[in-house]
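**Student:** Contents are compact mmCIF, C-alpha atoms and all ligand atoms; file name query.txt:
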# COMPACT_ATOMS: atom_id res chain seq x y z
CA MET A 1 115.24 -33.95 -3.61
CA GLU A 2 115.17 -30.58 -1.87
CA LYS A 3 118.59 -29.00 -1.38
CA LYS A 4 119.03 -25.88 0.69
CA PHE A 5 121.85 -23.37 0.64
CA GLY A 6 122.14 -20.08 2.45
CA LEU A 7 124.03 -17.20 3.91
CA ILE A 8 124.92 -16.59 7.56
CA GLY A 9 126.00 -13.21 8.86
CA SER A 10 124.69 -10.51 11.19
CA THR A 11 122.70 -8.09 8.98
CA LEU A 12 121.72 -9.62 5.67
CA THR A 13 118.97 -7.39 4.31
CA HIS A 14 121.34 -5.81 1.76
CA SER A 15 122.89 -9.06 0.53
CA PHE A 16 122.90 -9.90 -3.19
CA SER A 17 123.58 -13.61 -2.66
CA LYS A 18 119.94 -14.69 -2.41
CA SER A 19 118.86 -13.03 -5.64
CA TYR A 20 122.05 -14.30 -7.33
CA PHE A 21 121.35 -17.94 -6.42
CA ASP A 22 117.53 -17.66 -6.85
CA GLU A 23 118.11 -16.48 -10.43
CA LYS A 24 120.75 -19.13 -11.03
CA PHE A 25 118.47 -21.96 -9.79
CA PHE A 26 115.62 -20.62 -11.93
CA ARG A 27 117.82 -20.27 -15.03
CA GLU A 28 119.26 -23.77 -14.62
CA GLY A 29 115.89 -25.38 -13.87
CA LEU A 30 116.90 -26.43 -10.35
CA ARG A 31 113.37 -26.22 -8.95
CA ASP A 32 114.15 -28.12 -5.71
CA TYR A 33 117.08 -25.90 -4.84
CA HIS A 34 116.57 -23.00 -2.45
CA TYR A 35 118.79 -20.25 -1.07
CA GLU A 36 117.83 -18.54 2.19
CA LEU A 37 119.21 -15.75 4.33
CA TYR A 38 120.00 -16.77 7.93
CA PRO A 39 120.83 -13.70 10.03
CA LEU A 40 122.41 -14.80 13.32
CA ASP A 41 122.79 -12.62 16.43
CA SER A 42 125.75 -14.75 17.41
CA VAL A 43 127.78 -17.34 15.53
CA ASP A 44 126.68 -19.83 18.20
CA GLY A 45 123.26 -19.81 16.52
CA LEU A 46 124.80 -21.93 13.74
CA LYS A 47 124.31 -25.20 15.66
CA LYS A 48 120.54 -24.62 16.05
CA LEU A 49 120.29 -23.57 12.39
CA LEU A 50 121.90 -26.84 11.28
CA ASP A 51 119.70 -28.93 13.60
CA GLU A 52 116.55 -27.25 12.24
CA ASN A 53 117.60 -27.50 8.56
CA PRO A 54 118.92 -31.02 7.87
CA GLU A 55 118.53 -30.42 4.12
CA LEU A 56 121.25 -27.72 4.14
CA TYR A 57 124.12 -28.58 1.78
CA GLY A 58 126.12 -25.40 1.86
CA LEU A 59 126.48 -22.00 3.45
CA ASN A 60 128.12 -18.73 2.57
CA VAL A 61 129.54 -16.83 5.51
CA THR A 62 129.70 -13.06 5.71
CA ILE A 63 130.53 -10.22 8.06
CA PRO A 64 131.32 -10.65 10.98
CA TYR A 65 131.56 -14.48 11.18
CA LYS A 66 134.28 -15.46 8.64
CA GLU A 67 136.81 -16.01 11.41
CA GLN A 68 134.43 -16.89 14.28
CA VAL A 69 132.97 -19.81 12.30
CA LEU A 70 136.28 -21.73 12.30
CA LYS A 71 135.51 -23.39 15.66
CA PHE A 72 132.49 -25.22 14.19
CA LEU A 73 134.36 -26.88 11.32
CA SER A 74 135.34 -30.57 11.16
CA ASP A 75 137.78 -29.83 8.39
CA ILE A 76 139.28 -26.83 6.63
CA ASP A 77 140.73 -26.44 3.16
CA PRO A 78 144.48 -25.56 3.30
CA THR A 79 143.99 -22.18 1.57
CA ALA A 80 141.27 -21.15 4.02
CA LYS A 81 143.41 -22.37 6.91
CA ASN A 82 146.31 -20.28 5.69
CA ILE A 83 144.08 -17.21 5.37
CA GLY A 84 142.40 -17.86 8.73
CA ALA A 85 138.94 -17.02 7.36
CA VAL A 86 136.15 -19.05 5.77
CA ASN A 87 133.41 -17.73 3.49
CA VAL A 88 132.06 -21.06 2.19
CA ILE A 89 130.97 -24.14 4.16
CA LYS A 90 130.17 -27.49 2.61
CA ILE A 91 127.90 -29.71 4.71
CA HIS A 92 128.14 -33.45 4.16
CA ASN A 93 126.92 -36.18 6.54
CA GLY A 94 126.64 -33.60 9.31
CA LYS A 95 130.28 -32.56 8.87
CA LEU A 96 131.27 -28.99 8.03
CA THR A 97 134.26 -28.22 5.78
CA GLY A 98 135.41 -24.62 5.38
CA PHE A 99 136.77 -22.96 2.23
CA ASN A 100 137.77 -19.48 1.17
CA THR A 101 136.72 -18.39 -2.31
CA ASP A 102 137.18 -14.64 -1.64
CA SER A 103 140.92 -14.83 -2.15
CA ASP A 104 140.85 -16.48 -5.58
CA ALA A 105 137.95 -14.27 -6.65
CA PHE A 106 139.87 -11.15 -5.65
CA TYR A 107 143.04 -12.47 -7.34
CA GLU A 108 141.30 -13.16 -10.64
CA THR A 109 139.33 -9.92 -10.78
CA LEU A 110 142.39 -7.85 -9.82
CA GLU A 111 144.64 -9.44 -12.44
CA LYS A 112 142.01 -8.85 -15.13
CA TRP A 113 141.35 -5.21 -14.15
CA PHE A 114 144.93 -4.14 -13.45
CA PRO A 115 147.28 -6.02 -15.81
CA GLN A 116 150.41 -4.13 -14.64
CA ILE A 117 149.75 -5.18 -11.04
CA SER A 118 153.19 -6.81 -10.63
CA ASP A 119 154.83 -3.33 -10.73
CA ALA A 120 152.55 -1.85 -8.04
CA LYS A 121 152.56 -1.49 -4.27
CA ALA A 122 149.27 -1.87 -2.41
CA LEU A 123 147.62 -0.38 0.67
CA VAL A 124 144.90 -2.49 2.30
CA LEU A 125 142.33 -0.73 4.53
CA GLY A 126 141.01 -3.05 7.28
CA THR A 127 142.28 -6.21 8.95
CA GLY A 128 139.25 -8.53 8.99
CA GLY A 129 138.31 -11.69 7.08
CA SER A 130 138.26 -10.20 3.60
CA SER A 131 141.47 -8.28 4.29
CA LYS A 132 143.19 -11.59 5.01
CA ALA A 133 141.86 -13.05 1.74
CA VAL A 134 143.09 -9.97 -0.15
CA GLN A 135 146.51 -10.23 1.52
CA GLN A 136 146.81 -13.88 0.43
CA ALA A 137 146.02 -12.90 -3.17
CA LEU A 138 148.56 -10.05 -3.11
CA LYS A 139 151.21 -12.45 -1.78
CA LYS A 140 150.41 -14.87 -4.61
CA LEU A 141 150.87 -12.00 -7.09
CA SER A 142 154.13 -10.93 -5.35
CA VAL A 143 152.67 -7.46 -4.81
CA PRO A 144 154.20 -5.73 -1.77
CA PHE A 145 151.53 -4.31 0.52
CA GLU A 146 150.94 -2.47 3.80
CA ILE A 147 147.86 -2.55 5.98
CA VAL A 148 145.85 0.17 7.72
CA SER A 149 143.90 -0.45 10.94
CA ARG A 150 142.02 1.71 13.42
CA GLU A 151 144.11 0.09 16.14
CA LYS A 152 147.73 0.92 16.79
CA GLY A 153 150.02 -2.11 16.72
CA LYS A 154 147.64 -4.22 14.59
CA ALA A 155 149.07 -3.05 11.25
CA ALA A 156 151.80 -0.86 9.75
CA HIS A 157 149.55 2.22 9.74
CA THR A 158 146.55 3.73 11.48
CA TYR A 159 144.23 6.31 9.90
CA GLU A 160 145.73 8.86 12.30
CA SER A 161 149.31 8.06 11.30
CA LEU A 162 148.32 8.48 7.63
CA GLU A 163 146.92 11.92 8.48
CA LYS A 164 150.38 12.96 9.70
CA ASP A 165 152.26 11.28 6.84
CA GLY A 166 150.32 10.43 3.70
CA THR A 167 153.31 8.97 1.84
CA PRO A 168 151.94 5.38 1.98
CA ILE A 169 148.82 6.63 0.14
CA SER A 170 150.85 8.44 -2.52
CA ASP A 171 153.24 5.50 -2.91
CA ALA A 172 150.67 2.74 -3.22
CA GLN A 173 149.31 2.60 -6.75
CA LEU A 174 146.61 0.20 -5.57
CA ILE A 175 144.34 1.01 -2.59
CA ILE A 176 141.82 -1.61 -1.46
CA ASN A 177 138.94 -1.01 0.93
CA THR A 178 138.14 -4.18 2.90
CA THR A 179 136.26 -2.32 5.66
CA PRO A 180 132.45 -2.13 5.72
CA LEU A 181 132.59 1.70 5.65
CA GLY A 182 130.06 2.89 3.06
CA MET A 183 128.15 -0.38 2.81
CA ALA A 184 124.33 -0.06 2.74
CA PRO A 185 122.51 1.15 4.75
CA ASN A 186 125.35 3.41 6.02
CA THR A 187 126.14 4.77 2.58
CA ASN A 188 127.42 8.15 3.82
CA ASN A 189 130.44 6.55 5.50
CA PHE A 190 133.87 6.22 3.91
CA PRO A 191 137.39 5.31 5.06
CA PRO A 192 139.00 8.38 6.67
CA ILE A 193 142.00 8.85 4.38
CA ASN A 194 143.25 11.97 2.61
CA TYR A 195 141.61 11.70 -0.83
CA GLU A 196 143.54 14.76 -2.03
CA LEU A 197 146.56 12.46 -2.34
CA LEU A 198 144.87 10.32 -4.99
CA THR A 199 145.73 10.88 -8.63
CA SER A 200 145.04 9.33 -12.04
CA HIS A 201 147.96 7.01 -11.27
CA HIS A 202 145.93 5.22 -8.56
CA TYR A 203 143.76 2.11 -8.84
CA VAL A 204 141.10 2.03 -6.12
CA TYR A 205 139.23 -1.25 -5.44
CA ASP A 206 136.29 -1.29 -3.01
CA LEU A 207 135.17 -4.78 -1.95
CA ILE A 208 131.72 -3.33 -1.23
CA TYR A 209 129.18 -3.99 -4.01
CA ASN A 210 126.09 -2.44 -2.42
CA PRO A 211 125.86 0.41 -3.23
CA ALA A 212 127.68 0.05 -6.54
CA ARG A 213 129.22 3.50 -6.11
CA THR A 214 130.28 4.03 -2.51
CA MET A 215 131.50 7.39 -1.24
CA PHE A 216 135.00 5.85 -1.30
CA ILE A 217 134.66 5.06 -5.02
CA GLN A 218 133.13 8.46 -5.78
CA LYS A 219 135.86 10.37 -3.96
CA ALA A 220 138.60 8.34 -5.65
CA GLU A 221 137.01 8.87 -9.06
CA MET A 222 136.79 12.63 -8.42
CA HIS A 223 140.58 12.63 -8.12
CA GLY A 224 141.05 10.74 -11.38
CA ALA A 225 141.69 7.24 -9.98
CA THR A 226 140.66 4.09 -11.85
CA ILE A 227 137.93 2.49 -9.77
CA LYS A 228 136.34 -0.93 -9.23
CA ASN A 229 133.61 -2.17 -6.90
CA GLY A 230 133.14 -5.65 -5.42
CA LEU A 231 130.35 -6.93 -7.68
CA GLU A 232 132.52 -9.00 -10.01
CA MET A 233 134.40 -10.44 -7.03
CA LEU A 234 131.06 -11.41 -5.45
CA GLN A 235 129.96 -13.16 -8.64
CA PHE A 236 133.31 -14.99 -9.01
CA GLN A 237 133.27 -16.16 -5.38
CA ALA A 238 129.65 -17.30 -5.66
CA GLU A 239 130.43 -19.47 -8.71
CA LYS A 240 133.43 -20.93 -6.88
CA ALA A 241 131.19 -21.71 -3.89
CA TRP A 242 128.73 -23.41 -6.22
CA ALA A 243 131.52 -25.59 -7.66
CA ILE A 244 132.58 -26.60 -4.12
CA TRP A 245 129.03 -27.51 -3.05
CA ASN A 246 128.59 -29.66 -6.17
CA ASN A 247 131.95 -31.38 -6.06
N1 LIG B 301 132.81 -8.32 -3.05
C1 LIG B 301 132.93 -9.40 -2.35
O1 LIG B 301 132.86 -10.53 -2.86
C2 LIG B 301 133.22 -9.30 -0.88
C3 LIG B 301 133.81 -10.37 -0.22
C4 LIG B 301 134.10 -10.22 1.12
C5 LIG B 301 133.76 -9.05 1.80
N2 LIG B 301 133.16 -8.04 1.13
C6 LIG B 301 132.84 -6.79 1.84
O2 LIG B 301 133.97 -6.39 2.58
C7 LIG B 301 133.56 -5.74 3.77
C8 LIG B 301 134.29 -6.33 4.98
O3 LIG B 301 133.93 -7.68 5.16
P1 LIG B 301 134.73 -8.63 6.18
O4 LIG B 301 134.06 -9.94 6.12
O5 LIG B 301 136.18 -8.54 5.96
O6 LIG B 301 134.39 -7.94 7.58
P2 LIG B 301 135.19 -8.08 8.96
O7 LIG B 301 135.82 -9.42 9.07
O8 LIG B 301 134.27 -7.64 10.02
O9 LIG B 301 136.39 -7.03 8.81
C9 LIG B 301 136.21 -5.66 8.55
C10 LIG B 301 137.44 -4.90 9.02
O10 LIG B 301 137.21 -3.54 8.71
C11 LIG B 301 137.66 -2.71 9.76
N3 LIG B 301 136.52 -1.93 10.25
C12 LIG B 301 135.36 -2.38 10.78
N4 LIG B 301 134.56 -1.36 11.14
C13 LIG B 301 135.26 -0.23 10.85
C14 LIG B 301 134.99 1.15 11.03
N5 LIG B 301 133.86 1.60 11.58
N6 LIG B 301 135.94 2.04 10.64
C15 LIG B 301 137.12 1.62 10.09
N7 LIG B 301 137.43 0.31 9.92
C16 LIG B 301 136.50 -0.59 10.28
C17 LIG B 301 138.20 -3.60 10.88
O11 LIG B 301 139.63 -3.55 10.85
P3 LIG B 301 140.41 -2.73 12.00
O12 LIG B 301 139.71 -3.08 13.28
O13 LIG B 301 141.79 -3.26 11.95
O14 LIG B 301 140.31 -1.29 11.66
C18 LIG B 301 137.67 -4.96 10.52
O15 LIG B 301 138.54 -5.99 10.85
C19 LIG B 301 132.04 -5.87 3.83
O16 LIG B 301 131.48 -4.68 3.37
C20 LIG B 301 131.75 -7.01 2.88
O17 LIG B 301 130.47 -6.91 2.29
C21 LIG B 301 132.89 -8.14 -0.20
Mind converting the file's structure to structure tokens?
Ligand SMILES: NC(=O)c1ccc[n+]([C@@H]2O[C@H](COP(=O)([O-])OP(=O)(O)OC[C@H]3O[C@@H](n4cnc5c(N)ncnc54)[C@H](OP(=O)(O)O)[C@@H]3O)[C@@H](O)[C@H]2O)c1

**Tutor:**
Amino acid sequence: MEKKFGLIGSTLTHSFSKSYFDEKFFREGLRDYHYELYPLDSVDGLKKLLDENPELYGLNVTIPYKEQVLKFLSDIDPTAKNIGAVNVIKIHNGKLTGFNTDSDAFYETLEKWFPQISDAKALVLGTGGSSKAVQQALKKLSVPFEIVSREKGKAAHTYESLEKDGTPISDAQLIINTTPLGMAPNTNNFPPINYELLTSHHYVYDLIYNPARTMFIQKAEMHGATIKNGLEMLQFQAEKAWAIWNN
């Protein structure tokens, strides 16, 4: 029986999810399983997509719909509810249940990469869906953190306030980019922080996986920081999504 899965988001041409699941289905001999990209101009296009594709069993959700999609769900997993963002939807008998696998994927990859994490402070750039998942993981690890936003009043710091006082950058051993700055095709962009403040003491994690080496990663590496991109997190969250769809 044909089973369809897919990804919704705004611009999906640079997504790795399709090739990841196409290869997985091929490797595991799942010939009737298909994974498609469904770019939507608005999250309201989801209803039409579901009506036109009754064989859909599951969806991944990406930028910018992880929060906007909540209004379409019949049910939401407690972790996703707590985070306020959904990146996986399971479709069963026309009902949509939302989950968040980003948080656990970030948690597991962070713990593996940075074993002394419990002694660190973190600085999270961005306040969107993946930022919320990252914050949940940091809370679970009891890592104190502060957030940076472009907007005053939305977080402890703005990029401008960090220009005047860079102490939060120096003090945070772990800096995480959850903004799309530097993501393909806009690979020349990077978060506007003072990279001169980074040292070999810093761990710099970019959630972006395409390109593998963003400007953010390159600049951090130039100052001696230990770096990590989002590829492993993507793979972990995809396997967690797969387990949810098959449960
Ligand atoms: N590796 C993985 O598995 C994985 C998982 C999830 C996400 N990601 C990546 O993480 C990135 C963000 O995804 P998301 O779903 O969290 O997106 P999102 O919900 O749209 O949030 C992005 C946040 O970044 C900030 N931002 C947006 N545009 C910006 C700009 N021009 N300059 C500075 N800050 C900006 C905004 O925070 P403020 O308005 O407060 O500044 C915004 O809330 C994407 O590149 C995505 O591919 C990777």

**Student:** Output the neighbourhood of ligand LIG 301 (chain B) as a PyMOL selection string, that is, all protein and nucleic acid residues with some atom at most 6 Å from the ligand, counting only C-alpha atoms and all ligand atoms.

**Tutor:** chain A and resi 62-64+102+126-131+149-151+178-181+183+207-209+230-231+233-234

**Student:** Within 6 Å of segment 113-121 of chain A, counting only C-alpha atoms, which residues show up once you throw out same-chain ones fewer than 6 positions away? Write them as a PDB file with C-alpha atoms, in the frame of the given file, please.

**Tutor:**
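Output file around-v9.pdb follows:
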ATOM      1  CA  VAL A 143     152.670  -7.460  -4.810  1.00  0.00           C
ATOM      2  CA  PRO A 144     154.200  -5.730  -1.770  1.00  0.00           C
ATOM      3  CA  PHE A 145     151.530  -4.310   0.520  1.00  0.00           C
ATOM      4  CA  ALA A 172     150.670   2.740  -3.220  1.00  0.00           C
ATOM      5  CA  GLN A 173     149.310   2.600  -6.750  1.00  0.00           C
TER       6      GLN A 173
END

**Student:** Please identify all polymer residues lying at most 12 Å from the point (152.7, 8.4, 2.1) (file coordinates), using only C-alpha atoms, and present the result as number ranges by chain.

**Tutor:** A: 121-123, 146, 157, 159, 161-173, 193-198

**Student:** Can you write just those residues out, C-alpha atoms, as a tab-separated table (two decimals), in the coordinates of the input?

**Tutor:**
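So the final result, stored in again.tsv, reads:
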chain	number	residue	atom	x	y	z
A	121	LYS	CA	152.56	-1.49	-4.27
A	122	ALA	CA	149.27	-1.87	-2.41
A	123	LEU	CA	147.62	-0.38	0.67
A	146	GLU	CA	150.94	-2.47	3.80
A	157	HIS	CA	149.55	2.22	9.74
A	159	TYR	CA	144.23	6.31	9.90
A	161	SER	CA	149.31	8.06	11.30
A	162	LEU	CA	148.32	8.48	7.63
A	163	GLU	CA	146.92	11.92	8.48
A	164	LYS	CA	150.38	12.96	9.70
A	165	ASP	CA	152.26	11.28	6.84
A	166	GLY	CA	150.32	10.43	3.70
A	167	THR	CA	153.31	8.97	1.84
A	168	PRO	CA	151.94	5.38	1.98
A	169	ILE	CA	148.82	6.63	0.14
A	170	SER	CA	150.85	8.44	-2.52
A	171	ASP	CA	153.24	5.50	-2.91
A	172	ALA	CA	150.67	2.74	-3.22
A	173	GLN	CA	149.31	2.60	-6.75
A	193	ILE	CA	142.00	8.85	4.38
A	194	ASN	CA	143.25	11.97	2.61
A	195	TYR	CA	141.61	11.70	-0.83
A	196	GLU	CA	143.54	14.76	-2.03
A	197	LEU	CA	146.56	12.46	-2.34
A	198	LEU	CA	144.87	10.32	-4.99

**Student:** What is the distance, in Å and to one decimal place, between atom CA of Leu70 of chain A and atom CA of Asn87 of chain A?

**Tutor:**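 Spanning atom CA of Leu70 of chain A to atom CA of Asn87 of chain A is a straight-line distance of 10.1 Å.
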
**Student:** In file coordinates, which residues lie within 9 Å of (123.5, -32.5, 9.0) using all atoms listed in the file, given as a ChimeraX atom specification?

**Tutor:** /A:50-51,53-57,91-96

**Student:** Quick one: everything within 6 Å of segment 5-13 of chain A, counting all atoms listed in the file, minus sequence neighbours fewer than 4 positions away in the same chain. Send it as number ranges by chain.

**Tutor:** A: 35-41, 56-63

**Student:** May I ask which of the residues A:Ser200, A:Ser103, A:Ser142, A:Ser74 is the closest one to Ile89 of chain A, counting only C-alpha atoms?

**Tutor:** A:Ser74

**Student:** In Å, rounded to a single decimal, give me how far atom CA of Gly182 of chain A is from atom CA of Gly45 of chain A.

**Tutor:**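 Taking atom CA of Gly45 of chain A as the start and atom CA of Gly182 of chain A as the end point, the length is 27.3 Å.
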
**Student:** To one decimal place, how far is atom CA of Asp44 of chain A from atom CA of Lys66 of chain A in Å?

**Tutor:** 13.0 Å

**Student:** With distances taken over only C-alpha atoms, which of A:Ala105, A:Glu67, A:Trp245, A:Ser42 is nearest to Lys3 of chain A?

**Tutor:**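 Distance minimum relative to Lys3 of chain A lands on A:Trp245.
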
**Student:** Would you mind telling me which residue in A:Ala212, A:Met1, A:Lys90, A:Lys48 lies nearest to Asn246 of chain A when using only C-alpha atoms?

**Tutor:**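 Ranked by minimum distance to Asn246 of chain A, first place goes to A:Lys90.
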
**Student:** Mind checking which residues fall within 8 Å of Val43 of chain A, counting all atoms listed in the file, ignoring those fewer than 4 positions away in the same chain, and posting them as a list of chain:residue names?

**Tutor:** A:Tyr65, A:Gln68, A:Val69

**Student:** Nearest to Gln136 of chain A among A:Ile175, A:Ile83, A:Val148, A:Ala220, with distances taken over only C-alpha atoms: which residue is it?

**Tutor:**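 Between A:Ile175, A:Ile83, A:Val148, A:Ala220, the residue approaching Gln136 of chain A most closely is A:Ile83.
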
**Student:** Which residue out of A:Phe216, A:Tyr203, A:Tyr107, A:Tyr20 has the minimum interatomic distance to Trp242 of chain A when all atoms listed in the file are used?

**Tutor:** A:Tyr20

**Student:** Could you add whatever atoms are missing so that segment 110-137 of chain A carries N, CA and C atoms, then write the result as a short mmCIF file (atom, residue, chain, number, x, y, z; two decimals), keeping the file's coordinate frame?

**Tutor:**
data_model
loop_
_atom_site.label_atom_id
_atom_site.label_comp_id
_atom_site.auth_asym_id
_atom_site.auth_seq_id
_atom_site.Cartn_x
_atom_site.Cartn_y
_atom_site.Cartn_z
N LEU A 110 141.33 -8.87 -9.87
CA LEU A 110 142.39 -7.85 -9.82
C LEU A 110 143.31 -7.97 -11.03
N GLU A 111 143.71 -9.20 -11.32
CA GLU A 111 144.64 -9.44 -12.44
C GLU A 111 144.03 -8.97 -13.77
N LYS A 112 142.73 -9.20 -13.91
CA LYS A 112 142.01 -8.85 -15.13
C LYS A 112 141.90 -7.32 -15.28
N TRP A 113 141.64 -6.66 -14.15
CA TRP A 113 141.35 -5.21 -14.15
C TRP A 113 142.62 -4.37 -14.21
N PHE A 114 143.70 -4.91 -13.62
CA PHE A 114 144.93 -4.14 -13.45
C PHE A 114 146.11 -5.00 -13.95
N PRO A 115 146.29 -5.09 -15.26
CA PRO A 115 147.28 -6.02 -15.81
C PRO A 115 148.72 -5.73 -15.37
N GLN A 116 149.03 -4.46 -15.05
CA GLN A 116 150.41 -4.13 -14.64
C GLN A 116 150.58 -4.26 -13.13
N ILE A 117 149.77 -5.07 -12.49
CA ILE A 117 149.75 -5.18 -11.04
C ILE A 117 151.12 -5.55 -10.45
N SER A 118 151.92 -6.32 -11.20
CA SER A 118 153.19 -6.81 -10.63
C SER A 118 154.17 -5.66 -10.35
N ASP A 119 153.94 -4.47 -10.97
CA ASP A 119 154.83 -3.33 -10.73
C ASP A 119 154.33 -2.45 -9.58
N ALA A 120 153.18 -2.77 -9.01
CA ALA A 120 152.55 -1.85 -8.04
C ALA A 120 152.82 -2.24 -6.59
N LYS A 121 152.60 -1.24 -5.72
CA LYS A 121 152.56 -1.49 -4.27
C LYS A 121 151.11 -1.30 -3.86
N ALA A 122 150.68 -1.99 -2.81
CA ALA A 122 149.27 -1.87 -2.41
C ALA A 122 149.12 -1.43 -0.96
N LEU A 123 147.99 -0.77 -0.69
CA LEU A 123 147.62 -0.38 0.67
C LEU A 123 146.24 -0.98 0.93
N VAL A 124 146.15 -1.78 2.00
CA VAL A 124 144.90 -2.49 2.30
C VAL A 124 144.26 -1.86 3.53
N LEU A 125 143.04 -1.35 3.39
CA LEU A 125 142.33 -0.73 4.53
C LEU A 125 141.49 -1.80 5.22
N GLY A 126 141.77 -2.05 6.52
CA GLY A 126 141.01 -3.05 7.28
C GLY A 126 141.84 -4.31 7.50
N THR A 127 141.50 -5.02 8.58
CA THR A 127 142.28 -6.21 8.95
C THR A 127 141.41 -7.44 9.18
N GLY A 128 140.18 -7.43 8.70
CA GLY A 128 139.25 -8.53 8.99
C GLY A 128 139.39 -9.70 8.02
N GLY A 129 138.31 -10.48 7.90
CA GLY A 129 138.31 -11.69 7.08
C GLY A 129 138.65 -11.43 5.62
N SER A 130 138.00 -10.43 5.02
CA SER A 130 138.26 -10.20 3.60
C SER A 130 139.63 -9.57 3.40
N SER A 131 140.12 -8.82 4.38
CA SER A 131 141.47 -8.28 4.29
C SER A 131 142.48 -9.42 4.21
N LYS A 132 142.26 -10.45 5.01
CA LYS A 132 143.19 -11.59 5.01
C LYS A 132 143.16 -12.31 3.66
N ALA A 133 141.98 -12.41 3.07
CA ALA A 133 141.86 -13.05 1.74
C ALA A 133 142.58 -12.21 0.69
N VAL A 134 142.42 -10.90 0.78
CA VAL A 134 143.09 -9.97 -0.15
C VAL A 134 144.61 -10.08 0.02
N GLN A 135 145.07 -10.13 1.26
CA GLN A 135 146.51 -10.23 1.52
C GLN A 135 147.09 -11.50 0.89
N GLN A 136 146.35 -12.61 1.02
CA GLN A 136 146.81 -13.88 0.43
C GLN A 136 146.96 -13.75 -1.08
N ALA A 137 145.98 -13.09 -1.72
CA ALA A 137 146.02 -12.90 -3.17
C ALA A 137 147.20 -12.01 -3.57
#
